[in-house]
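Peer 1: Structure file input.cif, mmCIF, N, CA, C and O atoms, is pasted below:
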```
data_run
loop_
_atom_site.label_atom_id
_atom_site.label_comp_id
_atom_site.auth_asym_id
_atom_site.auth_seq_id
_atom_site.Cartn_x
_atom_site.Cartn_y
_atom_site.Cartn_z
N VAL A 96 123.64 84.49 109.55
CA VAL A 96 122.54 85.27 110.10
C VAL A 96 122.45 86.58 109.34
O VAL A 96 123.43 87.31 109.22
N MET A 97 121.28 86.88 108.82
CA MET A 97 121.06 88.12 108.09
C MET A 97 120.38 89.12 109.02
O MET A 97 119.45 88.77 109.74
N LEU A 98 120.90 90.34 109.02
CA LEU A 98 120.27 91.40 109.79
C LEU A 98 119.26 92.13 108.92
O LEU A 98 119.51 92.40 107.75
N VAL A 99 118.11 92.45 109.50
CA VAL A 99 117.09 93.22 108.81
C VAL A 99 116.76 94.42 109.68
O VAL A 99 116.42 94.27 110.86
N TRP A 100 116.88 95.62 109.11
CA TRP A 100 116.55 96.83 109.86
C TRP A 100 115.09 97.17 109.61
O TRP A 100 114.60 97.09 108.49
N LYS A 101 114.41 97.51 110.71
CA LYS A 101 113.00 97.86 110.64
C LYS A 101 112.79 99.27 111.17
O LYS A 101 113.53 99.74 112.03
N ASP A 102 111.77 99.92 110.66
CA ASP A 102 111.34 101.21 111.18
C ASP A 102 110.82 100.98 112.59
O ASP A 102 109.94 100.13 112.79
N ILE A 103 111.35 101.69 113.59
CA ILE A 103 110.96 101.41 114.97
C ILE A 103 109.55 101.88 115.30
O ILE A 103 108.99 101.47 116.30
N LEU A 104 108.97 102.71 114.45
CA LEU A 104 107.60 103.16 114.70
C LEU A 104 106.57 102.26 114.03
O LEU A 104 105.59 101.87 114.64
N SER A 105 106.79 101.93 112.77
CA SER A 105 105.80 101.14 112.03
C SER A 105 106.09 99.65 112.05
O SER A 105 105.19 98.84 111.80
N GLY A 106 107.35 99.27 112.28
CA GLY A 106 107.74 97.87 112.21
C GLY A 106 108.00 97.40 110.79
O GLY A 106 108.33 96.23 110.57
N ASP A 107 107.86 98.28 109.81
CA ASP A 107 108.11 97.92 108.41
C ASP A 107 109.58 97.61 108.20
O ASP A 107 110.45 98.32 108.71
N GLU A 108 109.86 96.56 107.43
CA GLU A 108 111.24 96.23 107.07
C GLU A 108 111.74 97.27 106.08
O GLU A 108 111.06 97.61 105.11
N MET A 109 112.94 97.77 106.34
CA MET A 109 113.51 98.81 105.49
C MET A 109 114.58 98.25 104.56
O MET A 109 114.57 98.52 103.37
N VAL A 110 115.53 97.49 105.11
CA VAL A 110 116.65 96.99 104.32
C VAL A 110 117.35 95.89 105.12
O VAL A 110 117.21 95.81 106.34
N SER A 111 118.09 95.05 104.41
CA SER A 111 118.88 94.01 105.08
C SER A 111 120.36 94.31 104.91
O SER A 111 120.74 95.20 104.15
N ASP A 112 121.18 93.54 105.60
CA ASP A 112 122.63 93.74 105.51
C ASP A 112 123.22 93.11 104.26
O ASP A 112 124.43 93.05 104.11
N SER A 113 122.39 92.68 103.32
CA SER A 113 122.89 92.13 102.07
C SER A 113 123.39 93.22 101.13
O SER A 113 124.00 92.92 100.11
N TYR A 114 123.11 94.47 101.47
CA TYR A 114 123.57 95.61 100.68
C TYR A 114 124.72 96.29 101.42
O TYR A 114 124.73 96.34 102.65
N PRO A 115 125.68 96.86 100.67
CA PRO A 115 126.76 97.60 101.34
C PRO A 115 126.17 98.74 102.17
O PRO A 115 125.30 99.47 101.70
N HIS A 116 126.62 98.87 103.41
CA HIS A 116 126.03 99.86 104.30
C HIS A 116 127.05 100.30 105.35
O HIS A 116 128.07 99.64 105.55
N LYS A 117 126.73 101.40 106.02
CA LYS A 117 127.53 101.84 107.15
C LYS A 117 126.64 102.66 108.08
O LYS A 117 125.68 103.29 107.66
N LEU A 118 126.96 102.58 109.36
CA LEU A 118 126.24 103.37 110.35
C LEU A 118 126.85 104.76 110.37
O LEU A 118 128.07 104.92 110.31
N ILE A 119 126.00 105.78 110.43
CA ILE A 119 126.46 107.17 110.45
C ILE A 119 125.76 107.92 111.58
O ILE A 119 124.86 107.38 112.21
N MET A 120 126.17 109.16 111.80
CA MET A 120 125.56 110.02 112.82
C MET A 120 125.56 109.35 114.19
O MET A 120 124.52 109.23 114.84
N GLY A 121 126.74 108.90 114.61
CA GLY A 121 126.83 108.25 115.92
C GLY A 121 126.06 106.95 115.99
O GLY A 121 125.47 106.61 117.02
N ASP A 122 126.03 106.22 114.90
CA ASP A 122 125.30 104.95 114.77
C ASP A 122 123.79 105.12 114.89
O ASP A 122 123.07 104.16 115.17
N ALA A 123 123.29 106.35 114.66
CA ALA A 123 121.86 106.59 114.75
C ALA A 123 121.14 106.35 113.43
O ALA A 123 119.94 106.13 113.40
N CYS A 124 121.88 106.39 112.33
CA CYS A 124 121.28 106.21 111.00
C CYS A 124 122.09 105.21 110.20
O CYS A 124 123.29 105.04 110.42
N LEU A 125 121.44 104.59 109.26
CA LEU A 125 122.08 103.61 108.38
C LEU A 125 122.13 104.18 106.97
O LEU A 125 121.10 104.59 106.43
N GLU A 126 123.32 104.22 106.41
CA GLU A 126 123.49 104.66 105.02
C GLU A 126 123.70 103.41 104.18
O GLU A 126 124.61 102.63 104.43
N VAL A 127 122.86 103.23 103.17
CA VAL A 127 122.91 102.03 102.34
C VAL A 127 123.28 102.42 100.92
O VAL A 127 122.71 103.36 100.37
N LYS A 128 124.22 101.69 100.34
CA LYS A 128 124.63 101.95 98.96
C LYS A 128 123.73 101.15 98.03
O LYS A 128 123.69 99.92 98.09
N ALA A 129 123.04 101.85 97.17
CA ALA A 129 122.15 101.22 96.21
C ALA A 129 122.70 101.41 94.81
O ALA A 129 123.62 102.20 94.60
N LYS A 130 122.14 100.68 93.86
CA LYS A 130 122.55 100.87 92.48
C LYS A 130 121.37 100.62 91.56
O LYS A 130 120.40 99.94 91.93
N MET A 131 121.46 101.18 90.36
CA MET A 131 120.43 100.96 89.35
C MET A 131 120.68 99.59 88.72
O MET A 131 121.81 99.25 88.39
N VAL A 132 119.61 98.83 88.58
CA VAL A 132 119.69 97.52 87.93
C VAL A 132 118.56 97.42 86.91
O VAL A 132 117.56 98.14 86.99
N THR A 133 118.71 96.54 85.94
CA THR A 133 117.68 96.32 84.94
C THR A 133 116.83 95.13 85.37
O THR A 133 117.35 94.08 85.73
N LYS A 134 115.53 95.34 85.34
CA LYS A 134 114.59 94.32 85.79
C LYS A 134 113.66 93.98 84.62
O LYS A 134 113.19 94.87 83.93
N GLY A 135 113.41 92.70 84.45
CA GLY A 135 112.48 92.26 83.41
C GLY A 135 113.20 91.91 82.13
O GLY A 135 114.42 92.06 81.99
N ASN A 136 112.45 91.41 81.16
CA ASN A 136 112.95 91.03 79.84
C ASN A 136 114.06 89.99 79.93
O ASN A 136 115.04 90.03 79.20
N GLU A 137 113.91 89.05 80.88
CA GLU A 137 114.92 88.02 81.04
C GLU A 137 114.91 87.05 79.87
O GLU A 137 113.87 86.75 79.30
N ASP A 138 116.08 86.57 79.52
CA ASP A 138 116.22 85.55 78.49
C ASP A 138 116.72 84.29 79.18
O ASP A 138 117.81 84.26 79.72
N PHE A 139 115.91 83.25 79.19
CA PHE A 139 116.25 82.03 79.91
C PHE A 139 116.93 80.99 79.02
O PHE A 139 116.97 79.82 79.35
N GLY A 140 117.44 81.43 77.88
CA GLY A 140 118.18 80.53 76.99
C GLY A 140 117.30 79.63 76.15
O GLY A 140 117.75 78.66 75.57
N ILE A 141 116.04 79.94 76.04
CA ILE A 141 115.12 79.19 75.21
C ILE A 141 115.05 79.90 73.86
O ILE A 141 114.95 81.12 73.80
N GLU A 142 115.08 79.12 72.78
CA GLU A 142 115.18 79.73 71.45
C GLU A 142 114.07 80.75 71.20
O GLU A 142 114.32 81.87 70.79
N ASN A 143 112.82 80.37 71.43
CA ASN A 143 111.70 81.31 71.29
C ASN A 143 111.05 81.43 72.65
O ASN A 143 110.37 80.53 73.10
N ASN A 144 111.24 82.57 73.27
CA ASN A 144 110.78 82.74 74.65
C ASN A 144 109.30 83.03 74.78
O ASN A 144 108.79 83.11 75.87
N ASP A 145 108.60 83.23 73.69
CA ASP A 145 107.17 83.48 73.82
C ASP A 145 106.39 82.37 73.11
O ASP A 145 106.93 81.59 72.34
N GLU A 146 105.12 82.31 73.36
CA GLU A 146 104.30 81.24 72.81
C GLU A 146 104.08 81.38 71.31
O GLU A 146 103.80 80.42 70.61
N ASP A 147 104.18 82.61 70.79
CA ASP A 147 103.95 82.84 69.36
C ASP A 147 105.19 82.58 68.53
O ASP A 147 105.14 82.64 67.31
N GLY A 148 106.32 82.34 69.15
CA GLY A 148 107.54 82.07 68.42
C GLY A 148 108.26 83.32 67.96
O GLY A 148 109.21 83.26 67.21
N GLY A 149 107.80 84.46 68.40
CA GLY A 149 108.41 85.73 67.99
C GLY A 149 109.55 86.11 68.90
O GLY A 149 109.97 85.37 69.78
N ALA A 150 110.07 87.28 68.66
CA ALA A 150 111.19 87.79 69.46
C ALA A 150 110.69 88.33 70.79
O ALA A 150 109.50 88.58 70.98
N LEU A 151 111.62 88.52 71.70
CA LEU A 151 111.29 89.10 73.00
C LEU A 151 110.86 90.54 72.87
O LEU A 151 111.38 91.29 72.04
N GLU A 152 109.91 90.94 73.65
CA GLU A 152 109.56 92.35 73.74
C GLU A 152 110.52 93.00 74.73
O GLU A 152 111.01 92.36 75.64
N ASN A 153 110.74 94.27 74.56
CA ASN A 153 111.63 94.97 75.47
C ASN A 153 110.81 95.52 76.64
O ASN A 153 110.32 96.64 76.58
N ASN A 154 110.63 94.69 77.66
CA ASN A 154 109.86 95.09 78.84
C ASN A 154 110.76 95.41 80.01
O ASN A 154 110.31 95.44 81.15
N ALA A 155 112.03 95.62 79.75
CA ALA A 155 112.98 95.89 80.83
C ALA A 155 112.78 97.30 81.37
O ALA A 155 112.40 98.22 80.64
N GLU A 156 113.03 97.45 82.67
CA GLU A 156 112.98 98.76 83.30
C GLU A 156 114.15 98.87 84.26
O GLU A 156 114.62 97.89 84.81
N SER A 157 114.62 100.08 84.44
CA SER A 157 115.70 100.34 85.39
C SER A 157 115.08 100.68 86.74
O SER A 157 114.16 101.50 86.81
N VAL A 158 115.57 100.02 87.78
CA VAL A 158 115.07 100.25 89.13
C VAL A 158 116.25 100.37 90.09
O VAL A 158 117.35 99.94 89.79
N ILE A 159 116.00 100.94 91.25
CA ILE A 159 117.02 100.99 92.31
C ILE A 159 116.87 99.69 93.09
O ILE A 159 115.79 99.38 93.60
N ASN A 160 117.96 98.93 93.19
CA ASN A 160 117.88 97.58 93.74
C ASN A 160 117.29 97.53 95.15
O ASN A 160 116.46 96.69 95.45
N VAL A 161 117.69 98.42 96.03
CA VAL A 161 117.20 98.41 97.42
C VAL A 161 115.71 98.76 97.46
O VAL A 161 114.93 98.13 98.18
N VAL A 162 115.30 99.73 96.68
CA VAL A 162 113.90 100.15 96.64
C VAL A 162 113.03 99.04 96.08
O VAL A 162 111.98 98.72 96.63
N ASP A 163 113.47 98.42 95.00
CA ASP A 163 112.69 97.36 94.36
C ASP A 163 112.59 96.13 95.26
O ASP A 163 111.50 95.59 95.45
N ALA A 164 113.70 95.68 95.83
CA ALA A 164 113.69 94.48 96.66
C ALA A 164 112.84 94.66 97.92
O ALA A 164 112.15 93.74 98.35
N GLY A 165 112.88 95.85 98.49
CA GLY A 165 112.12 96.11 99.70
C GLY A 165 110.71 96.61 99.45
O GLY A 165 109.96 96.90 100.39
N LYS A 166 110.34 96.74 98.17
CA LYS A 166 109.03 97.26 97.79
C LYS A 166 108.76 98.61 98.48
O LYS A 166 107.65 98.88 98.96
N LEU A 167 109.82 99.42 98.53
CA LEU A 167 109.70 100.74 99.15
C LEU A 167 108.99 101.69 98.18
O LEU A 167 109.02 101.50 96.97
N ILE A 168 108.37 102.70 98.72
CA ILE A 168 107.61 103.64 97.91
C ILE A 168 108.33 104.99 97.91
O ILE A 168 108.62 105.54 98.97
N GLU A 169 108.59 105.48 96.71
CA GLU A 169 109.28 106.76 96.57
C GLU A 169 108.32 107.91 96.89
O GLU A 169 107.16 107.90 96.48
N VAL A 170 108.82 108.86 97.65
CA VAL A 170 108.04 110.05 97.96
C VAL A 170 108.22 111.04 96.81
O VAL A 170 109.34 111.41 96.49
N GLN A 171 107.12 111.44 96.19
CA GLN A 171 107.20 112.35 95.05
C GLN A 171 106.25 113.51 95.24
O GLN A 171 105.23 113.39 95.91
N GLY A 172 106.61 114.61 94.63
CA GLY A 172 105.70 115.74 94.56
C GLY A 172 105.70 116.66 95.78
O GLY A 172 104.89 117.56 95.86
N TRP A 173 106.57 116.42 96.74
CA TRP A 173 106.62 117.28 97.91
C TRP A 173 107.59 118.42 97.65
O TRP A 173 108.65 118.23 97.06
N THR A 174 107.24 119.58 98.16
CA THR A 174 108.19 120.68 98.13
C THR A 174 109.21 120.44 99.24
O THR A 174 109.00 119.60 100.13
N LYS A 175 110.29 121.19 99.21
CA LYS A 175 111.30 121.06 100.25
C LYS A 175 110.68 121.38 101.62
O LYS A 175 110.95 120.70 102.61
N LYS A 176 109.81 122.39 101.66
CA LYS A 176 109.17 122.77 102.92
C LYS A 176 108.27 121.64 103.44
O LYS A 176 108.29 121.32 104.64
N GLU A 177 107.48 121.04 102.56
CA GLU A 177 106.58 119.95 102.97
C GLU A 177 107.38 118.75 103.50
O GLU A 177 107.02 118.15 104.51
N PHE A 178 108.47 118.43 102.80
CA PHE A 178 109.30 117.31 103.23
C PHE A 178 109.95 117.61 104.58
O PHE A 178 110.00 116.74 105.45
N THR A 179 110.42 118.83 104.78
CA THR A 179 111.04 119.23 106.04
C THR A 179 110.05 119.11 107.19
O THR A 179 110.39 118.61 108.27
N VAL A 180 108.82 119.54 106.98
CA VAL A 180 107.78 119.43 108.01
C VAL A 180 107.54 117.96 108.36
O VAL A 180 107.46 117.60 109.54
N TYR A 181 107.46 117.11 107.34
CA TYR A 181 107.25 115.67 107.57
C TYR A 181 108.41 115.07 108.36
O TYR A 181 108.20 114.34 109.33
N VAL A 182 109.63 115.36 107.93
CA VAL A 182 110.81 114.77 108.58
C VAL A 182 110.92 115.23 110.03
O VAL A 182 111.22 114.43 110.92
N LYS A 183 110.68 116.50 110.28
CA LYS A 183 110.76 117.00 111.66
C LYS A 183 109.74 116.29 112.56
O LYS A 183 110.06 115.92 113.69
N ALA A 184 108.54 116.11 112.08
CA ALA A 184 107.51 115.41 112.86
C ALA A 184 107.90 113.95 113.09
O ALA A 184 107.74 113.42 114.19
N TYR A 185 108.45 113.31 112.06
CA TYR A 185 108.88 111.91 112.17
C TYR A 185 110.02 111.79 113.18
O TYR A 185 110.00 110.91 114.05
N LEU A 186 111.01 112.67 113.08
CA LEU A 186 112.15 112.61 114.00
C LEU A 186 111.72 112.89 115.44
O LEU A 186 112.27 112.30 116.37
N LYS A 187 110.74 113.74 115.62
CA LYS A 187 110.21 114.01 116.95
C LYS A 187 109.60 112.72 117.54
O LYS A 187 109.80 112.41 118.72
N LYS A 188 108.90 111.96 116.71
CA LYS A 188 108.33 110.68 117.15
C LYS A 188 109.43 109.68 117.50
O LYS A 188 109.31 108.92 118.46
N ILE A 189 110.49 109.69 116.71
CA ILE A 189 111.62 108.78 116.98
C ILE A 189 112.26 109.11 118.32
O ILE A 189 112.53 108.22 119.14
N VAL A 190 112.49 110.40 118.58
CA VAL A 190 113.09 110.82 119.85
C VAL A 190 112.20 110.42 121.02
O VAL A 190 112.67 109.89 122.03
N ALA A 191 110.89 110.61 120.88
CA ALA A 191 109.95 110.23 121.94
C ALA A 191 110.00 108.72 122.17
O ALA A 191 109.99 108.25 123.31
N HIS A 192 110.09 107.94 121.08
CA HIS A 192 110.16 106.49 121.20
C HIS A 192 111.45 106.07 121.91
O HIS A 192 111.43 105.19 122.78
N LEU A 193 112.57 106.68 121.54
CA LEU A 193 113.84 106.34 122.18
C LEU A 193 113.79 106.64 123.67
O LEU A 193 114.23 105.82 124.49
N LYS A 194 113.26 107.79 124.04
CA LYS A 194 113.18 108.17 125.46
C LYS A 194 112.24 107.23 126.22
O LYS A 194 112.54 106.83 127.34
N ALA A 195 111.11 106.89 125.60
CA ALA A 195 110.13 106.02 126.25
C ALA A 195 110.66 104.60 126.44
O ALA A 195 110.16 103.87 127.30
N ASN A 196 111.64 104.21 125.66
CA ASN A 196 112.17 102.85 125.73
C ASN A 196 113.57 102.80 126.33
O ASN A 196 114.33 101.87 126.07
N GLY A 197 113.90 103.81 127.16
CA GLY A 197 115.15 103.80 127.89
C GLY A 197 116.39 103.97 127.04
O GLY A 197 117.47 103.50 127.41
N ARG A 198 116.27 104.62 125.90
CA ARG A 198 117.41 104.80 125.01
C ARG A 198 117.80 106.28 124.91
O ARG A 198 118.21 106.75 123.86
N GLU A 199 117.70 107.01 126.04
CA GLU A 199 118.05 108.43 126.05
C GLU A 199 119.47 108.67 125.58
O GLU A 199 119.77 109.71 125.00
N ASP A 200 120.35 107.68 125.80
CA ASP A 200 121.74 107.80 125.37
C ASP A 200 121.88 107.94 123.85
O ASP A 200 122.87 108.47 123.36
N ARG A 201 120.90 107.50 123.10
CA ARG A 201 120.95 107.59 121.63
C ARG A 201 120.43 108.91 121.09
O ARG A 201 120.71 109.27 119.96
N VAL A 202 119.69 109.65 121.91
CA VAL A 202 119.03 110.86 121.43
C VAL A 202 120.00 111.95 121.02
O VAL A 202 119.85 112.57 119.98
N ALA A 203 121.05 112.18 121.79
CA ALA A 203 121.99 113.26 121.48
C ALA A 203 122.64 113.07 120.12
O ALA A 203 122.68 114.00 119.30
N ASP A 204 123.11 111.86 119.83
CA ASP A 204 123.70 111.60 118.51
C ASP A 204 122.66 111.69 117.40
O ASP A 204 122.95 112.14 116.31
N PHE A 205 121.47 111.26 117.70
CA PHE A 205 120.39 111.26 116.71
C PHE A 205 119.99 112.67 116.33
O PHE A 205 119.61 112.94 115.20
N GLN A 206 120.08 113.63 117.26
CA GLN A 206 119.63 114.99 116.99
C GLN A 206 120.70 115.89 116.39
O GLN A 206 120.44 117.03 116.11
N LYS A 207 121.91 115.36 116.17
CA LYS A 207 122.97 116.17 115.57
C LYS A 207 122.65 116.57 114.17
O LYS A 207 122.07 115.89 113.41
#
```
For the file at hand, write its structure as structure tokens.
Peer 2:
Amino acid sequence: VMLVWKDILSGDEMVSDSYPHKLIMGDACLEVKAKMVTKGNEDFGIENNDEDGGALENNAESVINVVDAGKLIEVQGWTKKEFTVYVKAYLKKIVAHLKANGREDRVADFQK
């Protein structure tokens, strides 16, 4: 059985237990260990991998395995202040959701 963690507000899948992980902050958050991997430019053992008979092009790119597999979108271009405002609003919604769904016991650890 594979576990898949979802965002409790949007329902979007975030990550599965196929990656090394641990629960932190009183089991309120999941820390996932990711790594850089090379994607693309695969060689399938065929002498000439393209139709023209030429060599392979170097189309490889380095990606973070968890981000790539989950098709997650990196947040870019925010200042520290903008990100803090976003996170505080998001966490406020999480706390409201926990309270509304009878999970008040999780709020104290979550707010540490």
Peer 1: Counting only C-alpha atoms, figure out which residue out of A:Glu199, A:Ile159, A:Asp102, A:Leu167 gets nearest to Lys130 (chain A).
Peer 2: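 Closest residue, counting only C-alpha atoms: A:Ile159.
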Peer 1: When distances are computed from all atoms listed in the file, which of A:Lys176, A:Gly106, A:Leu125, A:Val190 shows the smallest separation from Gln206 (chain A)?
Peer 2: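 Residue with the minimum atom-to-atom distance to Gln206 (chain A): A:Val190.
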Peer 1: Within 8 Å of region 107-113 of chain A, counting all atoms listed in the file, which residues qualify if same-chain residues fewer than 5 places away don't, as a ChimeraX atom specification?
Peer 2: /A:96-102,127-128,161-162,164-167
Peer 1: Just write the chosen residues, N, CA, C and O atoms, as a PDB file, keeping the file's coordinate frame.
Peer 2:
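And here is the file that came out, selection.pdb:
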```
ATOM      1  N   VAL A  96     123.640  84.490 109.550  1.00  0.00           N
ATOM      2  CA  VAL A  96     122.540  85.270 110.100  1.00  0.00           C
ATOM      3  C   VAL A  96     122.450  86.580 109.340  1.00  0.00           C
ATOM      4  O   VAL A  96     123.430  87.310 109.220  1.00  0.00           O
ATOM      5  N   MET A  97     121.280  86.880 108.820  1.00  0.00           N
ATOM      6  CA  MET A  97     121.060  88.120 108.090  1.00  0.00           C
ATOM      7  C   MET A  97     120.380  89.120 109.020  1.00  0.00           C
ATOM      8  O   MET A  97     119.450  88.770 109.740  1.00  0.00           O
ATOM      9  N   LEU A  98     120.900  90.340 109.020  1.00  0.00           N
ATOM     10  CA  LEU A  98     120.270  91.400 109.790  1.00  0.00           C
ATOM     11  C   LEU A  98     119.260  92.130 108.920  1.00  0.00           C
ATOM     12  O   LEU A  98     119.510  92.400 107.750  1.00  0.00           O
ATOM     13  N   VAL A  99     118.110  92.450 109.500  1.00  0.00           N
ATOM     14  CA  VAL A  99     117.090  93.220 108.810  1.00  0.00           C
ATOM     15  C   VAL A  99     116.760  94.420 109.680  1.00  0.00           C
ATOM     16  O   VAL A  99     116.420  94.270 110.860  1.00  0.00           O
ATOM     17  N   TRP A 100     116.880  95.620 109.110  1.00  0.00           N
ATOM     18  CA  TRP A 100     116.550  96.830 109.860  1.00  0.00           C
ATOM     19  C   TRP A 100     115.090  97.170 109.610  1.00  0.00           C
ATOM     20  O   TRP A 100     114.600  97.090 108.490  1.00  0.00           O
ATOM     21  N   LYS A 101     114.410  97.510 110.710  1.00  0.00           N
ATOM     22  CA  LYS A 101     113.000  97.860 110.640  1.00  0.00           C
ATOM     23  C   LYS A 101     112.790  99.270 111.170  1.00  0.00           C
ATOM     24  O   LYS A 101     113.530  99.740 112.030  1.00  0.00           O
ATOM     25  N   ASP A 102     111.770  99.920 110.660  1.00  0.00           N
ATOM     26  CA  ASP A 102     111.340 101.210 111.180  1.00  0.00           C
ATOM     27  C   ASP A 102     110.820 100.980 112.590  1.00  0.00           C
ATOM     28  O   ASP A 102     109.940 100.130 112.790  1.00  0.00           O
ATOM     29  N   VAL A 127     122.860 103.230 103.170  1.00  0.00           N
ATOM     30  CA  VAL A 127     122.910 102.030 102.340  1.00  0.00           C
ATOM     31  C   VAL A 127     123.280 102.420 100.920  1.00  0.00           C
ATOM     32  O   VAL A 127     122.710 103.360 100.370  1.00  0.00           O
ATOM     33  N   LYS A 128     124.220 101.690 100.340  1.00  0.00           N
ATOM     34  CA  LYS A 128     124.630 101.950  98.960  1.00  0.00           C
ATOM     35  C   LYS A 128     123.730 101.150  98.030  1.00  0.00           C
ATOM     36  O   LYS A 128     123.690  99.920  98.090  1.00  0.00           O
ATOM     37  N   VAL A 161     117.690  98.420  96.030  1.00  0.00           N
ATOM     38  CA  VAL A 161     117.200  98.410  97.420  1.00  0.00           C
ATOM     39  C   VAL A 161     115.710  98.760  97.460  1.00  0.00           C
ATOM     40  O   VAL A 161     114.930  98.130  98.180  1.00  0.00           O
ATOM     41  N   VAL A 162     115.300  99.730  96.680  1.00  0.00           N
ATOM     42  CA  VAL A 162     113.900 100.150  96.640  1.00  0.00           C
ATOM     43  C   VAL A 162     113.030  99.040  96.080  1.00  0.00           C
ATOM     44  O   VAL A 162     111.980  98.720  96.630  1.00  0.00           O
ATOM     45  N   ALA A 164     113.700  95.680  95.830  1.00  0.00           N
ATOM     46  CA  ALA A 164     113.690  94.480  96.660  1.00  0.00           C
ATOM     47  C   ALA A 164     112.840  94.660  97.920  1.00  0.00           C
ATOM     48  O   ALA A 164     112.150  93.740  98.350  1.00  0.00           O
ATOM     49  N   GLY A 165     112.880  95.850  98.490  1.00  0.00           N
ATOM     50  CA  GLY A 165     112.120  96.110  99.700  1.00  0.00           C
ATOM     51  C   GLY A 165     110.710  96.610  99.450  1.00  0.00           C
ATOM     52  O   GLY A 165     109.960  96.900 100.390  1.00  0.00           O
ATOM     53  N   LYS A 166     110.340  96.740  98.170  1.00  0.00           N
ATOM     54  CA  LYS A 166     109.030  97.260  97.790  1.00  0.00           C
ATOM     55  C   LYS A 166     108.760  98.610  98.480  1.00  0.00           C
ATOM     56  O   LYS A 166     107.650  98.880  98.960  1.00  0.00           O
ATOM     57  N   LEU A 167     109.820  99.420  98.530  1.00  0.00           N
ATOM     58  CA  LEU A 167     109.700 100.740  99.150  1.00  0.00           C
ATOM     59  C   LEU A 167     108.990 101.690  98.180  1.00  0.00           C
ATOM     60  O   LEU A 167     109.020 101.500  96.970  1.00  0.00           O
TER      61      LEU A 167
END
```
Peer 1: Can you list, as a CSV table (one decimal) with N, CA, C and O atoms, keeping the file's coordinate frame, every protein, DNA or RNA residue that comes within 6 Å of Gly135 (chain A) when you count only N, CA, C and O atoms, leaving out same-chain residues fewer than 2 positions away?
Peer 2:
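For reference, part08.csv as written:
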```
chain,number,residue,atom,x,y,z
A,133,THR,N,118.7,96.5,85.9
A,133,THR,CA,117.7,96.3,84.9
A,133,THR,C,116.8,95.1,85.4
A,133,THR,O,117.4,94.1,85.7
A,137,GLU,N,113.9,89.0,80.9
A,137,GLU,CA,114.9,88.0,81.0
A,137,GLU,C,114.9,87.0,79.9
A,137,GLU,O,113.9,86.8,79.3
A,154,ASN,N,110.6,94.7,77.7
A,154,ASN,CA,109.9,95.1,78.8
A,154,ASN,C,110.8,95.4,80.0
A,154,ASN,O,110.3,95.4,81.2
A,155,ALA,N,112.0,95.6,79.8
A,155,ALA,CA,113.0,95.9,80.8
A,155,ALA,C,112.8,97.3,81.4
A,155,ALA,O,112.4,98.2,80.6
A,156,GLU,N,113.0,97.4,82.7
A,156,GLU,CA,113.0,98.8,83.3
A,156,GLU,C,114.2,98.9,84.3
A,156,GLU,O,114.6,97.9,84.8
```
Peer 1: Excluding Met120 (chain A) and residues on its chain fewer than 3 positions from it, collect all residues at most 12 Å away from it, counting only C-alpha atoms, and give them as a list of chain:residue names.
Peer 2: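 Non-adjacent residues within range: A:Lys117, A:Ala123, A:Cys124, A:Leu125, A:Glu126, A:Arg201, A:Val202, A:Ala203, A:Asp204, A:Phe205, A:Gln206, A:Lys207.
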Peer 1: Just asking: which residues within chain A are helix (DSSP H, G or I) according to DSSP, as a PyMOL selection string?
Peer 2: chain A and resi 160-164+175-195+199-205
